[in-house]
Amino acid sequence: MATLAPDLHVVAGDEDFFRHFGASSAELCGRSLFDLLHPSAPSVLREHFSRLHDGRRTRFTERVLGYHSRGRVFSGKLTGTAIQGRSDRLSAIVVMVKPDDERPAEEPPPTGQKLLSPLEARILEGVATGASTVQMAAKLYLSRQGVEYHVGAMLRKMKAPNRAALVSRAYAAGMLTVGTWPARVRPEFIK
């Protein structure tokens with residue numbers, strides 16, 4: 001749990017809040033909540049916080065992806081509650097973050113780690129757009145078996161059982177751009 005100023009900067013928090021994000025109170029206090037969340041979060045959350053600020057709502061719950069200081073991404077629920085002062089104006093917002101329980105083997109790869117070759121990045125982008133093996137092979141001048149080899153290598157690397165899970169884990173790890181089509185692998189993940 002943490003307390004945010006009306007401008008959404010962290011004012012205070014409990015041990016669990018700081019532990020979820022892997023940093024101390026000194027490191028997180030004064031930072032914007034959006035600095036701690038995946039880039040996909042702001043558009044939806046800004047609307048929720050706007051409603052709290054305007055008094056149209058007193059509480060909301062939304063699924064988010066957060067960044068741990070060690071570069072890991074975690075998913076969970078964020079609940080925001082408006083705290084009103086004496087003049088019925090918003091004086092603070094209390095947020096509670098409840099991460100999903102995941103087994104360590106199920107964690108997506110750490111962010112910032114260069115995991116993919118340029119060819120694997122192009123293949124992952126193809127998988128994310130729903131391109132077939134034959135379509136990717138023609139576009140990348142590879143054989144079908146070559147494409148399947150690279151897809152299989154990424155499935156093992158990301159510990160994903162199938163292509164859909166591969167794309168899901170890539171999004172969860174922040175490897176793919178959010179809010180654009182077609183999705184692209186972010187450069188910091190390419191060797």
# chains A, B, ... in the order shown; residues from 1 in each chain; ligands from 1

$ select_by_dssp --residues "segment 3-163 of chain A" --states "alpha helix (DSSP H)" --output "CSV table (one decimal) with C-alpha atoms, in the first residue's frame"
chain,number,residue,atom,x,y,z
A,15,GLU,CA,7.3,-2.4,3.2
A,16,ASP,CA,5.3,-4.6,0.9
A,17,PHE,CA,4.8,-1.8,-1.7
A,18,PHE,CA,8.5,-1.1,-1.8
A,19,ARG,CA,9.4,-4.8,-1.9
A,20,HIS,CA,7.1,-5.4,-4.9
A,21,PHE,CA,9.0,-2.8,-6.8
A,25,SER,CA,11.3,4.2,0.3
A,26,ALA,CA,14.1,6.7,-0.4
A,27,GLU,CA,14.4,5.5,-4.0
A,28,LEU,CA,10.6,5.5,-4.7
A,42,PRO,CA,-1.0,5.1,-18.3
A,43,SER,CA,-3.8,5.5,-20.8
A,44,VAL,CA,-6.3,3.4,-18.8
A,45,LEU,CA,-5.0,4.5,-15.4
A,46,ARG,CA,-5.0,8.2,-16.2
A,47,GLU,CA,-8.7,8.0,-16.9
A,48,HIS,CA,-9.3,6.2,-13.5
A,49,PHE,CA,-7.2,8.7,-11.6
A,50,SER,CA,-9.0,11.6,-13.4
A,51,ARG,CA,-12.3,10.3,-12.2
A,52,LEU,CA,-10.9,10.0,-8.6
A,53,HIS,CA,-9.6,13.6,-8.9
A,54,ASP,CA,-12.9,15.0,-10.2
A,118,PRO,CA,17.9,-9.6,-35.2
A,119,LEU,CA,16.4,-12.6,-37.2
A,120,GLU,CA,14.6,-14.0,-34.1
A,121,ALA,CA,13.2,-10.5,-33.4
A,122,ARG,CA,11.7,-10.4,-37.0
A,123,ILE,CA,10.3,-13.9,-36.5
A,124,LEU,CA,8.7,-12.9,-33.2
A,125,GLU,CA,7.2,-9.9,-34.8
A,126,GLY,CA,5.7,-12.2,-37.5
A,127,VAL,CA,4.3,-14.6,-34.9
A,128,ALA,CA,2.8,-11.6,-33.0
A,129,THR,CA,1.0,-10.5,-36.2
A,133,THR,CA,5.4,-20.1,-41.1
A,134,VAL,CA,5.2,-20.1,-44.9
A,135,GLN,CA,4.6,-16.3,-45.0
A,136,MET,CA,7.5,-15.6,-42.7
A,137,ALA,CA,9.8,-18.0,-44.6
A,138,ALA,CA,9.0,-16.2,-47.9
A,139,LYS,CA,9.5,-12.7,-46.3
A,140,LEU,CA,12.7,-13.6,-44.5
A,144,ARG,CA,9.9,-23.4,-43.4
A,145,GLN,CA,12.2,-25.6,-41.3
A,146,GLY,CA,14.4,-22.6,-40.6
A,147,VAL,CA,11.5,-20.5,-39.3
A,148,GLU,CA,10.3,-23.4,-37.2
A,149,TYR,CA,13.8,-23.9,-35.8
A,150,HIS,CA,14.0,-20.3,-34.6
A,151,VAL,CA,10.4,-20.3,-33.3
A,152,GLY,CA,11.3,-23.5,-31.3
A,153,ALA,CA,14.4,-21.8,-29.9
A,154,MET,CA,12.4,-18.9,-28.7
A,155,LEU,CA,9.8,-21.2,-27.2
A,156,ARG,CA,12.5,-22.8,-25.1
A,157,LYS,CA,14.2,-19.5,-24.3
A,163,ARG,CA,3.2,-19.5,-30.1

$ closest_atom_pairs --of "segment 152-187 of chain A" --to "segment 57-68 of chain A" --cutoff "10 Å" --atoms "only C-alpha atoms" --output "CSV"
residue,atom,partner,partner_atom,distance
A:Ala172,CA,A:Leu65,CA,7.4
A:Ala173,CA,A:Leu65,CA,9.0
A:Gly174,CA,A:Leu65,CA,9.2

$ write_last_selection --atoms "N, CA and C atoms" --output "PDB file, in the first residue's frame"
ATOM      1  N   ALA A 172       4.330  -9.431 -21.835  1.00  0.00           N
ATOM      2  CA  ALA A 172       4.446  -9.295 -20.375  1.00  0.00           C
ATOM      3  C   ALA A 172       5.839  -8.836 -19.967  1.00  0.00           C
ATOM      4  N   ALA A 173       6.852  -9.244 -20.706  1.00  0.00           N
ATOM      5  CA  ALA A 173       8.222  -8.850 -20.399  1.00  0.00           C
ATOM      6  C   ALA A 173       8.574  -7.477 -20.961  1.00  0.00           C
ATOM      7  N   GLY A 174       7.640  -6.869 -21.706  1.00  0.00           N
ATOM      8  CA  GLY A 174       7.906  -5.562 -22.283  1.00  0.00           C
ATOM      9  C   GLY A 174       8.764  -5.611 -23.527  1.00  0.00           C
TER      10      GLY A 174
END

$ select_by_dssp --residues "chain A" --states "strand (DSSP E)" --output "PyMOL selection string"
chain A and resi 2-4+10-13+59-67+73-84+90-99

$ write_last_selection --atoms "N, CA, C and O atoms" --output "compact mmCIF listing (two decimals), in the first residue's frame"
# COMPACT_ATOMS: atom_id res chain seq x y z
N ALA A 2 0.46 2.27 -0.73
CA ALA A 2 1.21 3.52 -0.78
C ALA A 2 0.24 4.68 -0.85
O ALA A 2 -0.90 4.53 -1.29
N THR A 3 0.72 5.83 -0.42
CA THR A 3 -0.05 7.06 -0.51
C THR A 3 0.55 7.91 -1.61
O THR A 3 1.78 8.09 -1.66
N LEU A 4 -0.32 8.41 -2.48
CA LEU A 4 0.11 9.27 -3.58
C LEU A 4 -0.43 10.68 -3.36
O LEU A 4 -1.54 10.86 -2.87
N VAL A 10 4.58 9.29 -5.42
CA VAL A 10 4.58 8.49 -4.19
C VAL A 10 5.03 9.36 -3.03
O VAL A 10 6.10 9.98 -3.08
N VAL A 11 4.20 9.40 -1.98
CA VAL A 11 4.51 10.17 -0.78
C VAL A 11 5.04 9.24 0.31
O VAL A 11 6.00 9.55 1.00
N ALA A 12 4.38 8.09 0.47
CA ALA A 12 4.76 7.13 1.50
C ALA A 12 4.25 5.76 1.09
O ALA A 12 3.40 5.64 0.21
N GLY A 13 4.76 4.74 1.75
CA GLY A 13 4.30 3.39 1.44
C GLY A 13 4.72 2.42 2.53
O GLY A 13 5.53 2.75 3.40
N ARG A 59 -13.22 4.94 -5.97
CA ARG A 59 -12.34 3.77 -5.95
C ARG A 59 -12.35 3.09 -7.31
O ARG A 59 -13.33 3.15 -8.04
N PHE A 60 -11.24 2.42 -7.66
CA PHE A 60 -11.18 1.62 -8.88
C PHE A 60 -10.17 0.49 -8.67
O PHE A 60 -9.31 0.56 -7.80
N THR A 61 -10.28 -0.54 -9.47
CA THR A 61 -9.31 -1.64 -9.51
C THR A 61 -8.99 -1.91 -10.97
O THR A 61 -9.88 -1.97 -11.81
N GLU A 62 -7.71 -2.05 -11.28
CA GLU A 62 -7.27 -2.27 -12.66
C GLU A 62 -6.06 -3.19 -12.65
O GLU A 62 -5.23 -3.14 -11.75
N ARG A 63 -5.95 -4.04 -13.66
CA ARG A 63 -4.77 -4.91 -13.81
C ARG A 63 -3.64 -4.08 -14.40
O ARG A 63 -3.85 -3.26 -15.29
N VAL A 64 -2.44 -4.31 -13.86
CA VAL A 64 -1.27 -3.56 -14.31
C VAL A 64 -0.05 -4.48 -14.40
O VAL A 64 -0.04 -5.57 -13.85
N LEU A 65 0.96 -3.98 -15.08
CA LEU A 65 2.29 -4.59 -15.09
C LEU A 65 3.22 -3.61 -14.42
O LEU A 65 3.23 -2.42 -14.74
N GLY A 66 4.00 -4.10 -13.44
CA GLY A 66 4.93 -3.23 -12.73
C GLY A 66 6.36 -3.67 -12.97
O GLY A 66 6.62 -4.82 -13.32
N TYR A 67 7.29 -2.74 -12.78
CA TYR A 67 8.71 -3.03 -12.94
C TYR A 67 9.36 -3.20 -11.58
O TYR A 67 9.24 -2.34 -10.71
N VAL A 73 9.49 -7.98 -14.63
CA VAL A 73 8.15 -7.42 -14.77
C VAL A 73 7.21 -8.32 -13.99
O VAL A 73 7.34 -9.54 -14.02
N PHE A 74 6.28 -7.73 -13.25
CA PHE A 74 5.28 -8.53 -12.56
C PHE A 74 3.90 -8.00 -12.89
O PHE A 74 3.74 -6.83 -13.24
N SER A 75 2.92 -8.88 -12.86
CA SER A 75 1.54 -8.46 -13.12
C SER A 75 0.76 -8.54 -11.83
O SER A 75 1.12 -9.27 -10.91
N GLY A 76 -0.31 -7.77 -11.76
CA GLY A 76 -1.14 -7.79 -10.57
C GLY A 76 -2.28 -6.81 -10.68
O GLY A 76 -2.55 -6.26 -11.73
N LYS A 77 -2.94 -6.60 -9.55
CA LYS A 77 -4.07 -5.66 -9.48
C LYS A 77 -3.65 -4.43 -8.70
O LYS A 77 -3.00 -4.53 -7.67
N LEU A 78 -4.05 -3.28 -9.22
CA LEU A 78 -3.83 -2.03 -8.52
C LEU A 78 -5.20 -1.46 -8.17
O LEU A 78 -6.07 -1.34 -9.04
N THR A 79 -5.41 -1.15 -6.89
CA THR A 79 -6.66 -0.55 -6.44
C THR A 79 -6.34 0.85 -5.95
O THR A 79 -5.42 1.05 -5.15
N GLY A 80 -7.05 1.83 -6.46
CA GLY A 80 -6.88 3.22 -6.04
C GLY A 80 -8.11 3.70 -5.30
O GLY A 80 -9.23 3.44 -5.73
N THR A 81 -7.90 4.42 -4.20
CA THR A 81 -8.99 4.95 -3.40
C THR A 81 -8.72 6.42 -3.12
O THR A 81 -7.63 6.79 -2.69
N ALA A 82 -9.73 7.26 -3.36
CA ALA A 82 -9.60 8.70 -3.13
C ALA A 82 -9.75 9.01 -1.65
O ALA A 82 -10.62 8.47 -0.98
N ILE A 83 -8.89 9.88 -1.15
CA ILE A 83 -8.96 10.38 0.22
C ILE A 83 -9.26 11.87 0.12
O ILE A 83 -8.48 12.63 -0.45
N GLN A 84 -10.42 12.25 0.67
CA GLN A 84 -10.83 13.65 0.58
C GLN A 84 -10.50 14.39 1.86
O GLN A 84 -10.61 13.84 2.96
N LEU A 90 -9.88 16.38 -3.23
CA LEU A 90 -8.95 15.25 -3.16
C LEU A 90 -7.68 15.69 -2.44
O LEU A 90 -7.04 16.65 -2.87
N SER A 91 -7.33 15.02 -1.35
CA SER A 91 -6.09 15.37 -0.65
C SER A 91 -5.00 14.34 -0.91
O SER A 91 -3.82 14.66 -0.83
N ALA A 92 -5.38 13.10 -1.19
CA ALA A 92 -4.41 12.05 -1.47
C ALA A 92 -5.12 10.86 -2.11
O ALA A 92 -6.35 10.81 -2.14
N ILE A 93 -4.34 9.94 -2.62
CA ILE A 93 -4.87 8.70 -3.18
C ILE A 93 -4.08 7.56 -2.54
O ILE A 93 -2.85 7.61 -2.48
N VAL A 94 -4.79 6.57 -2.05
CA VAL A 94 -4.15 5.38 -1.51
C VAL A 94 -4.23 4.30 -2.58
O VAL A 94 -5.30 4.05 -3.14
N VAL A 95 -3.09 3.70 -2.91
CA VAL A 95 -3.07 2.61 -3.88
C VAL A 95 -2.57 1.35 -3.19
O VAL A 95 -1.68 1.39 -2.35
N MET A 96 -3.21 0.25 -3.55
CA MET A 96 -2.76 -1.06 -3.09
C MET A 96 -2.39 -1.87 -4.32
O MET A 96 -3.15 -1.90 -5.30
N VAL A 97 -1.24 -2.50 -4.27
CA VAL A 97 -0.77 -3.33 -5.38
C VAL A 97 -0.71 -4.77 -4.87
O VAL A 97 -0.07 -5.05 -3.87
N LYS A 98 -1.42 -5.65 -5.57
CA LYS A 98 -1.43 -7.06 -5.21
C LYS A 98 -0.91 -7.86 -6.40
O LYS A 98 -1.65 -8.14 -7.34
N PRO A 99 0.39 -8.22 -6.39
CA PRO A 99 0.94 -9.00 -7.51
C PRO A 99 0.32 -10.39 -7.59
O PRO A 99 -0.08 -10.97 -6.57

$ closest_residue --among "A:His9, A:Leu176, A:Arg89, A:Leu36" --to "Arg56 of chain A" --atoms "only C-alpha atoms"
A:Arg89

$ atom_distance --atom1 "atom CA of Ala164 of chain A" --atom2 "atom CA of Pro39 of chain A"
21.4 Å

$ decode --residues "segment 121-134 of chain A" --atoms "all heavy atoms" --output "PDB file, in the first residue's frame"
ATOM      1  N   ALA A 121      14.096 -11.624 -33.696  1.00  0.00           N
ATOM      2  CA  ALA A 121      13.196 -10.494 -33.445  1.00  0.00           C
ATOM      3  C   ALA A 121      12.187 -10.361 -34.590  1.00  0.00           C
ATOM      4  O   ALA A 121      10.989 -10.167 -34.353  1.00  0.00           O
ATOM      5  CB  ALA A 121      13.988  -9.205 -33.272  1.00  0.00           C
ATOM      6  N   ARG A 122      12.645 -10.485 -35.836  1.00  0.00           N
ATOM      7  CA  ARG A 122      11.731 -10.395 -36.990  1.00  0.00           C
ATOM      8  C   ARG A 122      10.726 -11.540 -36.981  1.00  0.00           C
ATOM      9  O   ARG A 122       9.559 -11.365 -37.307  1.00  0.00           O
ATOM     10  CB  ARG A 122      12.531 -10.407 -38.304  1.00  0.00           C
ATOM     11  CG  ARG A 122      13.541  -9.293 -38.425  1.00  0.00           C
ATOM     12  CD  ARG A 122      13.285  -8.159 -39.370  1.00  0.00           C
ATOM     13  NE  ARG A 122      12.402  -8.308 -40.461  1.00  0.00           N
ATOM     14  CZ  ARG A 122      12.766  -8.404 -41.742  1.00  0.00           C
ATOM     15  NH1 ARG A 122      14.041  -8.421 -42.065  1.00  0.00           N
ATOM     16  NH2 ARG A 122      11.863  -8.478 -42.676  1.00  0.00           N
ATOM     17  N   ILE A 123      11.183 -12.733 -36.583  1.00  0.00           N
ATOM     18  CA  ILE A 123      10.279 -13.885 -36.517  1.00  0.00           C
ATOM     19  C   ILE A 123       9.251 -13.694 -35.405  1.00  0.00           C
ATOM     20  O   ILE A 123       8.060 -13.956 -35.598  1.00  0.00           O
ATOM     21  CB  ILE A 123      11.067 -15.199 -36.365  1.00  0.00           C
ATOM     22  CG1 ILE A 123      11.849 -15.489 -37.659  1.00  0.00           C
ATOM     23  CG2 ILE A 123      10.142 -16.362 -36.022  1.00  0.00           C
ATOM     24  CD1 ILE A 123      12.825 -16.643 -37.574  1.00  0.00           C
ATOM     25  N   LEU A 124       9.690 -13.201 -34.241  1.00  0.00           N
ATOM     26  CA  LEU A 124       8.746 -12.935 -33.152  1.00  0.00           C
ATOM     27  C   LEU A 124       7.705 -11.902 -33.577  1.00  0.00           C
ATOM     28  O   LEU A 124       6.515 -12.044 -33.280  1.00  0.00           O
ATOM     29  CB  LEU A 124       9.482 -12.473 -31.896  1.00  0.00           C
ATOM     30  CG  LEU A 124       8.603 -12.140 -30.687  1.00  0.00           C
ATOM     31  CD1 LEU A 124       7.753 -13.345 -30.262  1.00  0.00           C
ATOM     32  CD2 LEU A 124       9.461 -11.657 -29.522  1.00  0.00           C
ATOM     33  N   GLU A 125       8.120 -10.885 -34.289  1.00  0.00           N
ATOM     34  CA  GLU A 125       7.172  -9.886 -34.796  1.00  0.00           C
ATOM     35  C   GLU A 125       6.169 -10.535 -35.746  1.00  0.00           C
ATOM     36  O   GLU A 125       4.978 -10.227 -35.705  1.00  0.00           O
ATOM     37  CB  GLU A 125       7.923  -8.762 -35.511  1.00  0.00           C
ATOM     38  CG  GLU A 125       8.736  -7.897 -34.575  1.00  0.00           C
ATOM     39  CD  GLU A 125       9.702  -6.948 -35.283  1.00  0.00           C
ATOM     40  OE1 GLU A 125       9.804  -6.993 -36.538  1.00  0.00           O
ATOM     41  OE2 GLU A 125      10.354  -6.168 -34.580  1.00  0.00           O
ATOM     42  N   GLY A 126       6.647 -11.472 -36.566  1.00  0.00           N
ATOM     43  CA  GLY A 126       5.744 -12.193 -37.461  1.00  0.00           C
ATOM     44  C   GLY A 126       4.752 -13.050 -36.707  1.00  0.00           C
ATOM     45  O   GLY A 126       3.558 -13.078 -37.022  1.00  0.00           O
ATOM     46  N   VAL A 127       5.231 -13.751 -35.688  1.00  0.00           N
ATOM     47  CA  VAL A 127       4.340 -14.576 -34.863  1.00  0.00           C
ATOM     48  C   VAL A 127       3.298 -13.681 -34.193  1.00  0.00           C
ATOM     49  O   VAL A 127       2.117 -14.007 -34.142  1.00  0.00           O
ATOM     50  CB  VAL A 127       5.148 -15.386 -33.813  1.00  0.00           C
ATOM     51  CG1 VAL A 127       4.216 -16.071 -32.826  1.00  0.00           C
ATOM     52  CG2 VAL A 127       6.035 -16.419 -34.502  1.00  0.00           C
ATOM     53  N   ALA A 128       3.731 -12.516 -33.691  1.00  0.00           N
ATOM     54  CA  ALA A 128       2.812 -11.596 -32.994  1.00  0.00           C
ATOM     55  C   ALA A 128       1.733 -11.062 -33.935  1.00  0.00           C
ATOM     56  O   ALA A 128       0.616 -10.774 -33.492  1.00  0.00           O
ATOM     57  CB  ALA A 128       3.592 -10.442 -32.382  1.00  0.00           C
ATOM     58  N   THR A 129       2.027 -10.948 -35.226  1.00  0.00           N
ATOM     59  CA  THR A 129       1.026 -10.453 -36.173  1.00  0.00           C
ATOM     60  C   THR A 129       0.159 -11.577 -36.736  1.00  0.00           C
ATOM     61  O   THR A 129      -0.765 -11.317 -37.493  1.00  0.00           O
ATOM     62  CB  THR A 129       1.680  -9.699 -37.353  1.00  0.00           C
ATOM     63  OG1 THR A 129       2.531 -10.599 -38.050  1.00  0.00           O
ATOM     64  CG2 THR A 129       2.442  -8.494 -36.873  1.00  0.00           C
ATOM     65  N   GLY A 130       0.496 -12.817 -36.385  1.00  0.00           N
ATOM     66  CA  GLY A 130      -0.308 -13.945 -36.856  1.00  0.00           C
ATOM     67  C   GLY A 130       0.133 -14.495 -38.196  1.00  0.00           C
ATOM     68  O   GLY A 130      -0.590 -15.274 -38.821  1.00  0.00           O
ATOM     69  N   ALA A 131       1.321 -14.115 -38.641  1.00  0.00           N
ATOM     70  CA  ALA A 131       1.822 -14.613 -39.928  1.00  0.00           C
ATOM     71  C   ALA A 131       2.108 -16.117 -39.820  1.00  0.00           C
ATOM     72  O   ALA A 131       2.576 -16.599 -38.792  1.00  0.00           O
ATOM     73  CB  ALA A 131       3.090 -13.868 -40.331  1.00  0.00           C
ATOM     74  N   SER A 132       1.837 -16.833 -40.901  1.00  0.00           N
ATOM     75  CA  SER A 132       2.096 -18.275 -40.922  1.00  0.00           C
ATOM     76  C   SER A 132       3.584 -18.522 -41.134  1.00  0.00           C
ATOM     77  O   SER A 132       4.338 -17.632 -41.530  1.00  0.00           O
ATOM     78  CB  SER A 132       1.302 -18.942 -42.044  1.00  0.00           C
ATOM     79  OG  SER A 132       1.843 -18.569 -43.306  1.00  0.00           O
ATOM     80  N   THR A 133       3.993 -19.759 -40.902  1.00  0.00           N
ATOM     81  CA  THR A 133       5.386 -20.146 -41.114  1.00  0.00           C
ATOM     82  C   THR A 133       5.782 -19.906 -42.564  1.00  0.00           C
ATOM     83  O   THR A 133       6.862 -19.383 -42.844  1.00  0.00           O
ATOM     84  CB  THR A 133       5.582 -21.634 -40.741  1.00  0.00           C
ATOM     85  OG1 THR A 133       5.259 -21.795 -39.357  1.00  0.00           O
ATOM     86  CG2 THR A 133       7.003 -22.090 -40.983  1.00  0.00           C
ATOM     87  N   VAL A 134       4.909 -20.259 -43.497  1.00  0.00           N
ATOM     88  CA  VAL A 134       5.203 -20.081 -44.919  1.00  0.00           C
ATOM     89  C   VAL A 134       5.351 -18.602 -45.260  1.00  0.00           C
ATOM     90  O   VAL A 134       6.272 -18.210 -45.999  1.00  0.00           O
ATOM     91  CB  VAL A 134       4.099 -20.744 -45.784  1.00  0.00           C
ATOM     92  CG1 VAL A 134       4.289 -20.433 -47.253  1.00  0.00           C
ATOM     93  CG2 VAL A 134       4.080 -22.252 -45.548  1.00  0.00           C
TER      94      VAL A 134
END
